[in-house]
file run.txt (compact mmCIF, C-alpha atoms)
# COMPACT_ATOMS: atom_id res chain seq x y z
CA MET A 16 32.91 35.63 21.78
CA GLN A 17 33.13 33.15 18.91
CA LYS A 18 33.86 30.16 21.17
CA LYS A 19 30.90 30.79 23.44
CA TYR A 20 28.63 30.93 20.44
CA TRP A 21 29.73 27.51 19.24
CA ILE A 22 29.13 25.92 22.64
CA PHE A 23 25.55 27.10 22.58
CA VAL A 24 24.99 25.65 19.16
CA ILE A 25 26.45 22.29 20.17
CA LEU A 26 24.36 22.18 23.33
CA ALA A 27 21.24 23.05 21.37
CA VAL A 28 21.84 20.32 18.82
CA LEU A 29 22.57 17.83 21.59
CA ALA A 30 19.39 18.81 23.42
CA LEU A 31 17.31 18.39 20.29
CA PHE A 32 18.87 15.01 19.67
CA ILE A 33 18.20 13.82 23.22
CA ILE A 34 14.62 15.04 23.21
CA SER A 35 13.89 13.35 19.93
CA SER A 36 15.47 10.13 21.11
CA VAL A 37 13.59 10.09 24.42
CA ASN A 38 10.32 10.79 22.67
CA SER A 39 10.86 8.07 20.14
CA ILE A 40 10.11 5.33 22.66
CA PRO A 41 6.49 6.21 23.46
CA LYS A 42 5.98 7.13 19.81
CA LEU A 43 7.13 3.72 18.65
CA ASP A 44 5.04 2.14 21.38
CA GLU A 45 1.98 3.88 20.02
CA LYS A 46 2.91 2.72 16.56
CA VAL A 47 2.99 -0.87 17.78
CA THR A 48 -0.43 -0.51 19.40
CA ALA A 49 -1.83 1.11 16.27
CA SER A 50 -0.49 -1.58 13.96
CA TRP A 51 -1.88 -4.21 16.29
CA SER A 52 -5.31 -2.64 16.01
CA GLN A 53 -5.00 -2.86 12.26
CA VAL A 54 -4.08 -6.55 12.48
CA GLU A 55 -7.14 -7.22 14.61
CA ASN A 56 -9.20 -5.11 12.26
CA GLN A 57 -8.31 -7.22 9.26
CA TYR A 58 -8.77 -10.51 11.11
CA GLN A 59 -12.17 -9.26 12.18
CA ARG A 60 -12.96 -8.41 8.59
CA ARG A 61 -12.24 -12.00 7.68
CA MET A 62 -14.44 -13.29 10.45
CA ASP A 63 -17.27 -11.09 9.24
CA LEU A 64 -17.09 -12.62 5.79
CA ILE A 65 -17.39 -16.18 7.03
CA PRO A 66 -21.11 -16.55 7.90
CA ASN A 67 -22.09 -15.38 4.43
CA LEU A 68 -19.54 -17.68 2.86
CA VAL A 69 -20.75 -20.70 4.79
CA LYS A 70 -24.35 -19.89 3.88
CA THR A 71 -23.52 -19.63 0.18
CA VAL A 72 -21.58 -22.88 0.10
CA LYS A 73 -24.32 -24.66 2.05
CA GLY A 74 -26.73 -23.68 -0.69
CA TYR A 75 -24.89 -26.00 -3.07
CA ALA A 76 -23.10 -28.50 -0.85
CA ALA A 77 -25.46 -29.04 2.04
CA HIS A 78 -24.11 -32.40 3.11
CA GLU A 79 -20.49 -31.30 3.70
CA LYS A 80 -21.43 -31.01 7.34
CA SER A 81 -18.07 -31.68 8.93
CA THR A 82 -16.42 -28.90 6.95
CA PHE A 83 -19.06 -26.37 7.94
CA GLU A 84 -18.83 -27.39 11.56
CA GLU A 85 -15.09 -27.04 11.54
CA VAL A 86 -15.25 -23.53 10.13
CA THR A 87 -18.00 -22.41 12.46
CA ASN A 88 -16.23 -23.78 15.52
CA ALA A 89 -12.88 -22.32 14.50
CA ARG A 90 -14.53 -18.95 14.02
CA ALA A 91 -16.25 -19.09 17.40
CA ASN A 92 -12.96 -19.97 19.01
CA ALA A 93 -11.15 -17.15 17.25
CA THR A 94 -13.63 -14.54 18.47
CA LYS A 95 -12.90 -15.60 22.04
CA VAL A 96 -9.15 -15.14 21.82
CA THR A 97 -8.65 -11.39 21.72
CA ILE A 98 -5.74 -9.23 22.70
CA ASP A 99 -5.90 -5.69 23.95
CA ALA A 100 -3.12 -3.21 24.58
CA SER A 101 -2.44 -4.62 28.04
CA ASN A 102 -1.41 -8.09 26.96
CA LEU A 103 0.47 -7.10 23.84
CA ASN A 104 3.59 -7.73 25.91
CA ASP A 105 2.61 -11.30 26.73
CA PRO A 106 4.19 -13.79 24.32
CA ALA A 107 1.83 -16.55 25.45
CA ALA A 108 -1.21 -14.42 24.57
CA ILE A 109 0.18 -13.62 21.13
CA ALA A 110 0.93 -17.28 20.50
CA LYS A 111 -2.60 -18.27 21.48
CA PHE A 112 -4.03 -15.63 19.19
CA GLU A 113 -1.92 -16.82 16.28
CA GLN A 114 -2.94 -20.39 16.91
CA ALA A 115 -6.66 -19.59 16.93
CA GLN A 116 -6.38 -17.62 13.69
CA GLY A 117 -4.25 -20.35 12.19
CA GLN A 118 -6.94 -22.91 12.90
CA LEU A 119 -9.48 -20.68 11.26
CA SER A 120 -7.21 -20.35 8.22
CA SER A 121 -6.96 -24.14 7.84
CA ALA A 122 -10.71 -24.58 8.23
CA LEU A 123 -11.28 -21.93 5.58
CA SER A 124 -8.81 -23.58 3.23
CA LYS A 125 -10.71 -26.84 3.60
CA LEU A 126 -14.00 -25.12 2.91
CA LEU A 127 -12.66 -23.56 -0.27
CA ALA A 128 -11.03 -26.82 -1.34
CA VAL A 129 -14.38 -28.58 -0.90
CA SER A 130 -16.06 -25.89 -2.99
CA GLU A 131 -13.83 -26.86 -5.89
CA ASN A 132 -15.98 -29.97 -6.34
CA TYR A 133 -19.15 -28.04 -7.05
CA PRO A 134 -19.04 -26.32 -10.45
CA ASN A 135 -22.41 -24.63 -9.93
CA LEU A 136 -21.13 -23.13 -6.73
CA LYS A 137 -17.99 -21.91 -8.45
CA ALA A 138 -20.12 -20.10 -11.01
CA ASP A 139 -22.39 -18.47 -8.45
CA GLN A 140 -21.94 -14.67 -8.54
CA ASN A 141 -22.31 -14.35 -4.83
CA PHE A 142 -19.67 -16.96 -4.20
CA LEU A 143 -17.27 -15.32 -6.65
CA ALA A 144 -17.71 -11.97 -4.95
CA LEU A 145 -17.17 -13.48 -1.51
CA GLN A 146 -14.14 -15.35 -2.72
CA SER A 147 -12.51 -12.21 -4.08
CA GLN A 148 -13.27 -10.46 -0.83
CA LEU A 149 -11.73 -13.30 1.09
CA GLU A 150 -8.59 -13.19 -1.03
CA GLY A 151 -8.40 -9.45 -0.56
CA THR A 152 -8.82 -9.83 3.17
CA GLU A 153 -6.11 -12.47 3.40
CA ASN A 154 -3.81 -10.06 1.62
CA ARG A 155 -4.74 -7.24 3.96
CA ILE A 156 -4.05 -9.53 6.89
CA ALA A 157 -0.63 -10.32 5.46
CA VAL A 158 0.16 -6.63 5.04
CA ALA A 159 -1.10 -5.73 8.51
CA ARG A 160 1.02 -8.50 10.03
CA MET A 161 4.05 -7.29 8.14
CA ASP A 162 3.48 -3.77 9.43
CA TYR A 163 3.09 -5.05 12.97
CA ILE A 164 6.26 -7.10 12.74
CA GLN A 165 8.17 -4.05 11.54
CA ALA A 166 6.69 -1.82 14.22
CA VAL A 167 7.69 -4.28 16.94
CA GLN A 168 11.16 -4.67 15.46
CA GLN A 169 11.65 -0.92 15.44
CA TYR A 170 10.48 -0.65 19.04
CA ASN A 171 12.60 -3.51 20.29
CA THR A 172 15.68 -2.28 18.45
CA THR A 173 15.27 1.23 19.85
CA ILE A 174 14.98 0.14 23.46
CA ARG A 175 17.83 -2.29 23.18
CA THR A 176 20.37 -0.06 21.49
CA PHE A 177 22.11 3.09 22.63
CA PRO A 178 20.82 5.64 23.51
CA GLY A 179 17.31 4.24 23.74
CA LEU A 180 18.33 1.73 26.36
CA ILE A 181 19.03 4.60 28.74
CA TRP A 182 15.58 6.15 28.64
CA ALA A 183 13.88 2.78 28.31
CA ARG A 184 14.10 2.49 32.07
CA ILE A 185 12.08 5.65 32.55
CA TYR A 186 9.22 4.09 30.64
CA GLY A 187 9.71 0.63 32.01
CA ALA A 188 9.92 -0.44 28.40
CA GLN A 189 10.16 -4.14 27.72
CA VAL A 190 10.94 -6.05 24.61
CA LYS A 191 7.69 -6.95 22.91
CA PRO A 192 6.94 -10.38 21.49
CA ASN A 193 6.57 -10.59 17.75
CA PHE A 194 4.76 -12.63 15.13
CA THR A 195 6.73 -15.15 13.19
CA ALA A 196 6.36 -13.96 9.62
CA THR A 197 4.41 -16.86 8.16
CA SER A 198 2.97 -18.82 11.05
CA GLY A 199 -0.67 -19.73 10.79
CA ALA A 200 -1.75 -17.43 7.98
CA GLU A 201 -1.78 -19.92 5.14
CA LYS A 202 -2.94 -18.41 1.90
CA ALA A 203 -6.37 -19.40 0.66
CA PRO A 204 -5.97 -21.81 -2.27
CA ASP A 205 -5.47 -20.15 -5.62
CA VAL A 206 -8.54 -20.64 -7.73
CA GLN A 207 -7.99 -20.72 -11.49
CA PHE A 208 -10.79 -19.22 -13.52
CA MET B 18 35.84 20.38 -3.42
CA GLY B 19 32.15 21.13 -2.95
CA GLN B 20 31.31 19.00 -5.96
CA LEU B 21 33.29 16.10 -4.57
CA LEU B 22 31.48 16.30 -1.25
CA PHE B 23 28.16 16.46 -3.03
CA ALA B 24 29.01 13.43 -5.13
CA PHE B 25 30.03 11.56 -2.01
CA PHE B 26 26.80 12.32 -0.20
CA LEU B 27 24.76 11.40 -3.22
CA ALA B 28 26.53 8.08 -3.54
CA PHE B 29 26.02 7.41 0.14
CA PHE B 30 22.35 8.20 -0.16
CA ILE B 31 21.88 5.94 -3.15
CA VAL B 32 23.65 3.02 -1.49
CA SER B 33 21.81 3.34 1.79
CA THR B 34 18.41 3.42 0.19
CA THR B 35 18.96 0.60 -2.28
CA LEU B 36 20.05 -1.76 0.49
CA ALA B 37 16.65 -1.60 2.14
CA GLN B 38 13.92 -2.62 -0.30
CA PRO B 39 13.30 -4.09 -3.72
CA SER B 40 14.04 -1.45 -6.31
CA PHE B 41 11.13 0.60 -7.49
CA PRO B 42 10.97 2.35 -10.83
CA ALA B 43 11.04 6.11 -10.92
CA LEU B 44 7.65 7.74 -10.85
CA THR B 45 8.05 9.59 -14.10
CA GLY B 46 4.40 10.27 -14.69
CA ARG B 47 1.01 8.73 -14.32
CA VAL B 48 1.84 5.99 -16.81
CA VAL B 49 5.12 4.23 -16.08
CA ASP B 50 5.59 1.76 -18.89
CA ASN B 51 8.79 -0.01 -17.93
CA ALA B 52 7.80 -3.21 -19.69
CA HIS B 53 7.23 -1.22 -22.89
CA ILE B 54 3.90 -2.77 -23.76
CA ILE B 55 1.78 0.34 -24.17
CA SER B 56 1.71 2.11 -27.51
CA PRO B 57 2.93 5.74 -27.37
CA ASN B 58 -0.43 6.98 -28.56
CA GLU B 59 -2.32 5.11 -25.91
CA LYS B 60 0.18 6.24 -23.31
CA ASN B 61 -0.47 9.90 -24.07
CA ASN B 62 -4.22 9.42 -24.02
CA LEU B 63 -4.01 7.61 -20.75
CA GLU B 64 -1.79 10.23 -19.14
CA GLU B 65 -4.28 12.89 -20.10
CA ILE B 66 -7.27 10.99 -18.78
CA LEU B 67 -5.56 10.20 -15.51
CA ALA B 68 -4.35 13.78 -15.04
CA GLN B 69 -7.80 15.16 -15.66
CA HIS B 70 -9.41 12.70 -13.29
CA GLU B 71 -6.95 13.71 -10.62
CA GLN B 72 -7.66 17.36 -11.20
CA LYS B 73 -11.38 16.80 -10.85
CA THR B 74 -11.38 14.44 -7.91
CA SER B 75 -7.85 14.45 -6.41
CA ASN B 76 -7.84 10.64 -6.80
CA GLN B 77 -4.46 9.46 -8.05
CA LEU B 78 -4.59 6.55 -10.46
CA VAL B 79 -1.22 5.45 -11.76
CA VAL B 80 -0.61 2.77 -14.35
CA VAL B 81 2.65 0.87 -14.15
CA THR B 82 4.00 -2.00 -16.22
CA LEU B 83 6.97 -3.97 -14.93
CA PRO B 84 9.31 -6.33 -16.72
CA SER B 85 10.05 -8.07 -13.44
CA LEU B 86 8.59 -8.38 -9.95
CA GLN B 87 12.01 -9.16 -8.48
CA GLY B 88 10.93 -12.50 -7.08
CA LEU B 89 8.03 -11.07 -5.09
CA THR B 90 4.37 -11.83 -5.64
CA ILE B 91 2.46 -9.03 -7.28
CA GLU B 92 0.48 -8.58 -4.06
CA ASP B 93 3.67 -8.11 -2.08
CA TYR B 94 5.33 -5.84 -4.61
CA GLY B 95 2.14 -3.89 -5.24
CA TYR B 96 1.54 -2.41 -1.82
CA LYS B 97 5.24 -1.76 -1.33
CA LEU B 98 5.37 0.13 -4.61
CA GLY B 99 2.26 2.06 -3.65
CA ARG B 100 3.82 3.06 -0.37
CA ALA B 101 7.20 3.91 -1.86
CA TRP B 102 5.56 6.18 -4.38
CA GLY B 103 3.10 7.56 -1.88
CA ILE B 104 0.23 7.52 -4.35
CA GLY B 105 -2.88 9.24 -3.15
CA GLN B 106 -3.43 12.39 -1.09
CA LYS B 107 -2.36 12.27 2.51
CA GLY B 108 -5.36 12.00 4.74
CA LYS B 109 -7.60 10.91 1.90
CA ASN B 110 -5.44 7.94 0.90
CA ASN B 111 -7.17 7.96 -2.47
CA GLY B 112 -4.52 6.26 -4.58
CA VAL B 113 -4.92 3.38 -7.01
CA LEU B 114 -2.27 1.46 -8.89
CA LEU B 115 -2.93 -0.60 -11.98
CA ILE B 116 0.05 -2.93 -12.21
CA VAL B 117 0.76 -5.22 -15.14
CA ALA B 118 3.70 -7.62 -15.13
CA PRO B 119 3.53 -9.23 -18.56
CA ASN B 120 6.48 -11.57 -18.04
CA ASP B 121 4.91 -12.89 -14.86
CA ARG B 122 1.50 -12.77 -16.50
CA THR B 123 -0.10 -11.10 -13.56
CA VAL B 124 -2.12 -7.96 -13.15
CA ARG B 125 -3.16 -6.21 -9.97
CA ILE B 126 -5.31 -3.30 -8.98
CA GLU B 127 -3.87 -1.98 -5.73
CA VAL B 128 -6.34 0.21 -3.85
CA GLY B 129 -5.50 2.73 -1.14
CA TYR B 130 -7.40 2.83 2.14
CA GLY B 131 -9.53 5.77 1.12
CA LEU B 132 -10.93 4.11 -1.97
CA GLU B 133 -11.56 0.66 -0.54
CA GLY B 134 -15.21 1.50 -0.02
CA VAL B 135 -15.65 2.43 -3.67
CA LEU B 136 -13.23 0.02 -5.33
CA THR B 137 -14.18 -3.05 -3.33
CA ASP B 138 -12.38 -6.34 -3.83
CA ALA B 139 -15.43 -7.70 -5.59
CA ILE B 140 -15.47 -4.81 -8.05
CA THR B 141 -11.74 -4.80 -8.77
CA SER B 142 -11.87 -8.54 -9.21
CA GLN B 143 -14.70 -8.10 -11.66
CA ILE B 144 -12.78 -5.44 -13.58
CA ILE B 145 -9.77 -7.68 -13.83
CA GLN B 146 -11.63 -10.82 -14.83
CA THR B 147 -14.16 -9.38 -17.24
CA ILE B 148 -12.42 -6.35 -18.72
CA ILE B 149 -8.66 -6.56 -18.41
CA LEU B 150 -7.72 -10.24 -18.56
CA PRO B 151 -9.56 -11.11 -21.80
CA LYS B 152 -7.54 -8.50 -23.68
CA LEU B 153 -4.26 -9.32 -21.94
CA LYS B 154 -4.71 -12.97 -22.85
CA ASN B 155 -4.82 -11.88 -26.49
CA LYS B 156 -1.71 -9.78 -25.97
CA ASP B 157 -3.72 -6.59 -26.48
CA TYR B 158 -1.84 -4.92 -23.65
CA SER B 159 -2.63 -1.33 -24.60
CA GLY B 160 -6.31 -2.16 -24.98
CA GLY B 161 -6.55 -4.15 -21.78
CA ILE B 162 -4.82 -1.46 -19.76
CA ALA B 163 -6.78 1.39 -21.30
CA ASP B 164 -10.09 -0.37 -20.73
CA GLY B 165 -9.08 -1.30 -17.22
CA ALA B 166 -8.14 2.28 -16.38
CA SER B 167 -11.43 3.53 -17.82
CA ALA B 168 -13.38 0.98 -15.82
CA ILE B 169 -11.59 2.00 -12.62
CA ILE B 170 -12.31 5.67 -13.27
CA ASN B 171 -15.92 4.82 -14.08
CA VAL B 172 -16.35 3.20 -10.70
CA MET B 173 -14.60 6.06 -8.92
CA VAL B 174 -16.95 8.61 -10.44
CA GLY B 175 -19.93 6.49 -9.60
CA LYS B 176 -20.74 5.13 -13.03
CA SER B 177 -21.02 1.47 -13.98
CA ILE B 178 -17.93 -0.45 -15.07
CA GLY B 179 -18.91 -0.71 -18.71
CA TYR B 180 -19.40 3.01 -19.40
CA GLN B 181 -17.88 3.64 -22.82
CA LYS B 182 -14.33 4.89 -23.14
CA SER B 183 -15.32 7.53 -25.66
CA ASP B 184 -17.75 8.99 -23.15
CA ILE B 185 -14.89 9.51 -20.73
CA TYR B 186 -13.09 11.58 -23.35
CA ASN B 187 -16.17 13.72 -23.85
CA ASP B 188 -16.79 14.19 -20.16
CA PHE B 189 -13.33 15.40 -19.39
CA LYS B 190 -12.54 17.47 -22.42
CA GLU B 191 -12.14 21.07 -21.37
CA GLU B 192 -11.57 24.31 -23.25
CA PRO B 193 -8.11 25.49 -22.34
CA VAL B 194 -7.71 29.13 -21.47
CA LEU B 195 -4.24 29.73 -22.87
CA GLY B 196 -3.10 32.65 -20.81
CA ILE B 197 -3.88 31.09 -17.45
CA ILE B 198 -2.27 27.87 -18.56
CA PHE B 199 1.03 29.53 -19.37
CA VAL B 200 1.16 31.27 -16.02
CA LEU B 201 0.35 28.05 -14.21
CA ILE B 202 3.03 26.16 -16.11
CA PHE B 203 5.57 28.84 -15.26
CA ILE B 204 4.67 28.72 -11.56
CA ARG B 205 4.85 24.94 -11.50
CA ILE B 206 8.27 24.98 -13.17
CA ILE B 207 9.56 27.30 -10.46
CA ILE B 208 8.04 25.08 -7.80
CA GLY B 209 9.58 22.07 -9.52
CA ILE B 210 13.02 23.66 -9.35
CA ILE B 211 12.63 24.59 -5.69
CA SER B 212 11.37 21.10 -4.89
CA SER B 213 14.28 19.48 -6.71
CA PHE B 214 16.63 21.56 -4.62
CA LEU B 215 14.81 20.54 -1.47
CA LEU B 216 14.92 16.92 -2.56
CA VAL B 217 18.69 17.07 -2.80
CA LEU B 218 18.89 18.63 0.66
CA PHE B 219 16.55 15.94 1.91
CA SER B 220 18.72 13.19 0.50
CA ILE B 221 21.84 14.68 2.02
CA LEU B 222 20.14 14.78 5.39
CA SER B 223 19.02 11.19 5.18
CA ALA B 224 22.54 10.22 4.17
CA LEU B 225 23.78 11.91 7.32
CA GLY B 226 21.23 9.84 9.19
CA MET B 227 19.72 12.60 11.26
CA PRO B 228 16.24 11.34 12.00
CA PHE B 229 14.88 14.27 13.91
CA LEU B 230 15.95 16.83 11.35
CA LEU B 231 14.47 14.60 8.69
CA ASN B 232 11.12 14.55 10.44
CA ARG B 233 10.97 18.32 10.64
CA PHE B 234 12.03 18.54 7.04
CA GLU B 235 9.47 16.04 5.86
CA LYS B 236 6.74 17.97 7.59
CA ILE B 237 7.78 21.18 5.87
CA LEU B 238 7.96 19.43 2.54
CA ASN B 239 4.54 17.88 2.97
CA LYS B 240 3.05 21.24 3.81
CA LEU B 241 4.73 22.73 0.76
CA GLY B 242 3.50 19.89 -1.37
CA LEU B 243 -0.05 20.30 -0.20
CA LYS B 244 -0.03 24.07 -0.47
CA PHE B 245 1.30 24.28 -3.98
CA GLY B 246 -0.26 21.08 -5.19
CA ILE B 247 3.03 19.48 -6.13
CA ARG B 248 2.00 16.38 -7.93
CA LYS B 249 3.86 13.36 -9.18
CA GLY B 250 3.89 14.58 -12.73
CA PHE B 251 7.07 16.56 -12.22
CA GLY B 252 9.08 13.52 -11.25
CA VAL B 253 10.06 15.28 -8.08
CA GLY B 254 9.02 12.31 -6.01
CA PHE B 255 6.67 13.90 -3.54
CA GLY B 256 3.38 12.14 -3.77
CA GLY B 257 0.41 12.90 -1.69
CA ARG B 258 1.76 10.43 0.87
CA GLY B 259 -1.40 8.41 0.72
CA SER B 260 -1.43 5.12 2.57
CA LYS B 261 -2.03 1.58 1.41
CA GLY B 262 -3.15 -1.48 3.30
CA GLY B 263 -3.04 -4.25 0.73
CA GLY B 264 -6.55 -3.84 -0.60
CA GLY B 265 -7.39 -4.74 -4.19
CA SER B 266 -7.41 -7.77 -6.44
CA SER B 267 -5.04 -9.62 -8.69
CA GLY B 268 -5.44 -11.72 -11.78
CA ARG B 269 -3.24 -14.18 -13.59
CA TRP B 270 -3.32 -15.48 -17.09

call {"tool": "encode", "arguments": {"input": "run.txt", "output": "C-alpha cells"}}
result
Amino acid sequence: MQKKYWIFVILAVLALFIISSVNSIPKLDEKVTASWSQVENQYQRRMDLIPNLVKTVKGYAAHEKSTFEEVTNARANATKVTIDASNLNDPAAIAKFEQAQGQLSSALSKLLAVSENYPNLKADQNFLALQSQLEGTENRIAVARMDYIQAVQQYNTTIRTFPGLIWARIYGAQVKPNFTATSGAEKAPDVQF
Amino acid sequence: MGQLLFAFFLAFFIVSTTLAQPSFPALTGRVVDNAHIISPNEKNNLEEILAQHEQKTSNQLVVVTLPSLQGLTIEDYGYKLGRAWGIGQKGKNNGVLLIVAPNDRTVRIEVGYGLEGVLTDAITSQIIQTIILPKLKNKDYSGGIADGASAIINVMVGKSIGYQKSDIYNDFKEEPVLGIIFVLIFIRIIIGIISSFLLVLFSILSALGMPFLLNRFEKILNKLGLKFGIRKGFGVGFGGRGSKGGGGSSGRW
C-alpha cells in the first residue's frame, strides 16, 4: 500500500512541474510583448513632449533653425518606424527602431546643448518644467528598455535550456532579438542649476 | 539535525539572493536612515506622519537615506530599490520613495506608476529644487527631508507644495481609542508572527528553486497580505507589491 502511495505523489509532482514548465513559454512570450509595449509607450511619451519643447526654445532662440529642423525631422522619422507584436522577432526591425530613436536622442541633445546659450530660456518656467519631464522620460525609457532586455533574456534562456527546449517546438518558439543595453539612448545633458 | 538543515537552507537562500542584485537595506520602517543624518526626534515625527498618511490614503511614502549607492546612479538604484521593497499597494502602485545619498550628494523622489499623474516630473523636480536642495546644501538634512516629505504629502492630498508642516500635524492628529488600539496591536503581532513563519518557508522554497510552488505561495501570501493589511512596518518584508517604472526626479548638490 505504502509504495503505491508514493508513486502517485511523485507522478503528481512531476505533472505539476511539467505543466508549469510548458506554460512558462507563452507566459514569458506575453511578458516580452508587454514590456515591448511599455518601451514604445515611453518613447511615445518623449515624442509627445518634443513639439512643446521646440516651441518654447524657438521663443528665445528663433534663429537656431538647423537644430529645430534636425529635431523635427528626427521625430517625424521616428514616428514612422514602429514595431508591433508580429515583427518583434525580426532583428532588422529592432535595429531600425533603435537607430531612429537614437537619431532623435542626438537631435534632442543638440537642442538642449544649444539652449545652454540662452540664459533667459534657461530661466523660463515652462522650459524648466519641460526639461524635468524630458529627464524623467529618458529615465523611464531606460527602465523600460532594461525590463525588455530582461524579459527577452528570460524567454530566450527558457526556450534554449532543458526542459523548455522540448516544448519550444510545440509553440514554434524562436530566439528573440534583444536591445544592446546602451545603444542609441544617450542621456540628455545634465543641466546644473 | 533539524537546526543544521535549517541553517543550511538559510545560508543557501542568503547566498543565492545576494548574488543577483545590488544589496538593499532592510525595510525596517517608513524611515530607513542608514546614512544616519536624521535626528531621532525628526525620525519619529516623520514615521508618524507617513503612517497616518498611509492609513488615510493607502499611499506608501518611504524615506530612505543611504551612505552609498554602490556605484549606481541614484536613478538606477532608486527604481530597483522601489521594486525590491515593493512599495505601494498592488494594483494601485501608489508608492513613493524619497532617497537621499549624502555622500553622493544626490536626492531622488522615485514615483510609482499609480502616482505619476499626481506627482509629475515637473512637480517632483520643483519640490527637489525649491524645497529640499536648499536645506541639504546647508547640511540641514533633517529639515530638508522633513520639508520634502511634507511637500510630497501635500501634493498627494491635493494641496499646494508650500502648505505648512504644522498644518499637516493638525490635520492628521487623531484621538486614540485605547481599547481598540490594544486589540489591533495584538492581532497585528499574531499576524506578524505567522508572516515571519511564512517568510522562512518562502525562503526555504526559493532556496530549493521550485518556481511553480513559489508562484502558488506568493499568491497566497499576497492575498494574506491584502486581507490582513500586512504593512511594511513590521519588517516582515511583504510590501503592497506596487510597481515602479522609473518616474520621478533627481537633484544634485

call {"tool": "atom_distance", "arguments": {"input": "run.txt", "atom1": "atom CA of Leu114 of chain B", "atom2": "atom CA of Ile178 of chain B"}}
result
16.9 Å

call {"tool": "residues_near_point", "arguments": {"input": "run.txt", "point": "(-23.4, -29.4, -2.0)", "cutoff": "9 Å", "atoms": "all atoms listed in the file", "output": "number ranges by chain"}}
result
A: 72-79, 130, 132-133, 136

call {"tool": "write_last_selection", "arguments": {"input": "run.txt", "atoms": "C-alpha atoms", "output": "PDB file, in the coordinates of the input"}}
result
ATOM      1  CA  VAL A  72     -21.580 -22.880   0.100  1.00  0.00           C
ATOM      2  CA  LYS A  73     -24.320 -24.660   2.050  1.00  0.00           C
ATOM      3  CA  GLY A  74     -26.730 -23.680  -0.690  1.00  0.00           C
ATOM      4  CA  TYR A  75     -24.890 -26.000  -3.070  1.00  0.00           C
ATOM      5  CA  ALA A  76     -23.100 -28.500  -0.850  1.00  0.00           C
ATOM      6  CA  ALA A  77     -25.460 -29.040   2.040  1.00  0.00           C
ATOM      7  CA  HIS A  78     -24.110 -32.400   3.110  1.00  0.00           C
ATOM      8  CA  GLU A  79     -20.490 -31.300   3.700  1.00  0.00           C
ATOM      9  CA  SER A 130     -16.060 -25.890  -2.990  1.00  0.00           C
ATOM     10  CA  ASN A 132     -15.980 -29.970  -6.340  1.00  0.00           C
ATOM     11  CA  TYR A 133     -19.150 -28.040  -7.050  1.00  0.00           C
ATOM     12  CA  LEU A 136     -21.130 -23.130  -6.730  1.00  0.00           C
TER      13      LEU A 136
END

call {"tool": "residues_around", "arguments": {"input": "run.txt", "residues": "Val81 of chain B", "least_positions_apart": "5", "cutoff": "6 Å", "atoms": "only C-alpha atoms", "output": "list in words"}}
result
Val48, Val49, Asp50 and Ile116 of chain B

call {"tool": "residues_near_point", "arguments": {"input": "run.txt", "point": "(-10.5, -16.4, 17.1)", "cutoff": "9 Å", "atoms": "only C-alpha atoms", "output": "number ranges by chain"}}
result
A: 58-59, 62, 89-97, 112-119

call {"tool": "closest_atom_pairs", "arguments": {"input": "run.txt", "of": "chain A", "to": "chain B", "cutoff": "9 Å", "atoms": "all atoms listed in the file", "output": "tab-separated table"}}
result
residue	atom	partner	partner_atom	distance
A:Leu31	CA	B:Phe229	CA	8.0
A:Phe32	CA	B:Phe229	CA	7.0
A:Ser35	CA	B:Phe229	CA	6.2
A:Ser36	CA	B:Phe229	CA	8.3
A:Leu143	CA	B:Ala139	CA	7.9
A:Ala144	CA	B:Ala139	CA	4.9
A:Leu145	CA	B:Ala139	CA	7.3
A:Gln146	CA	B:Ala139	CA	8.3
A:Ser147	CA	B:Ala139	CA	5.6
A:Gln148	CA	B:Asp138	CA	5.2
A:Leu149	CA	B:Asp138	CA	8.5
A:Glu150	CA	B:Ser266	CA	7.7
A:Gly151	CA	B:Gly264	CA	5.9
A:Thr152	CA	B:Gly264	CA	7.4
A:Asn154	CA	B:Gly263	CA	5.9
A:Arg155	CA	B:Gly263	CA	4.7
A:Ile156	CA	B:Gly263	CA	8.2
A:Ala157	CA	B:Gly263	CA	8.1
A:Val158	CA	B:Gly263	CA	5.9
A:Ala159	CA	B:Gly262	CA	7.0
A:Gln207	CA	B:Arg269	CA	8.4
A:Phe208	CA	B:Gln146	CA	8.5

call {"tool": "write_last_selection", "arguments": {"input": "run.txt", "atoms": "C-alpha atoms", "output": "PDB file, in the frame of the given file"}}
result
ATOM      1  CA  LEU A  31      17.310  18.390  20.290  1.00  0.00           C
ATOM      2  CA  PHE A  32      18.870  15.010  19.670  1.00  0.00           C
ATOM      3  CA  SER A  35      13.890  13.350  19.930  1.00  0.00           C
ATOM      4  CA  SER A  36      15.470  10.130  21.110  1.00  0.00           C
ATOM      5  CA  LEU A 143     -17.270 -15.320  -6.650  1.00  0.00           C
ATOM      6  CA  ALA A 144     -17.710 -11.970  -4.950  1.00  0.00           C
ATOM      7  CA  LEU A 145     -17.170 -13.480  -1.510  1.00  0.00           C
ATOM      8  CA  GLN A 146     -14.140 -15.350  -2.720  1.00  0.00           C
ATOM      9  CA  SER A 147     -12.510 -12.210  -4.080  1.00  0.00           C
ATOM     10  CA  GLN A 148     -13.270 -10.460  -0.830  1.00  0.00           C
ATOM     11  CA  LEU A 149     -11.730 -13.300   1.090  1.00  0.00           C
ATOM     12  CA  GLU A 150      -8.590 -13.190  -1.030  1.00  0.00           C
ATOM     13  CA  GLY A 151      -8.400  -9.450  -0.560  1.00  0.00           C
ATOM     14  CA  THR A 152      -8.820  -9.830   3.170  1.00  0.00           C
ATOM     15  CA  ASN A 154      -3.810 -10.060   1.620  1.00  0.00           C
ATOM     16  CA  ARG A 155      -4.740  -7.240   3.960  1.00  0.00           C
ATOM     17  CA  ILE A 156      -4.050  -9.530   6.890  1.00  0.00           C
ATOM     18  CA  ALA A 157      -0.630 -10.320   5.460  1.00  0.00           C
ATOM     19  CA  VAL A 158       0.160  -6.630   5.040  1.00  0.00           C
ATOM     20  CA  ALA A 159      -1.100  -5.730   8.510  1.00  0.00           C
ATOM     21  CA  GLN A 207      -7.990 -20.720 -11.490  1.00  0.00           C
ATOM     22  CA  PHE A 208     -10.790 -19.220 -13.520  1.00  0.00           C
TER      23      PHE A 208
END

call {"tool": "closest_residue", "arguments": {"input": "run.txt", "among": "B:Val117, B:Leu83, B:Ala43, B:Gly105", "to": "Ala166 of chain B", "atoms": "all atoms listed in the file"}}
result
B:Val117

call {"tool": "closest_residue", "arguments": {"input": "run.txt", "among": "A:Lys18, A:Arg60, A:Lys46, A:Arg184", "to": "Gln168 of chain A", "atoms": "all atoms listed in the file"}}
result
A:Lys46
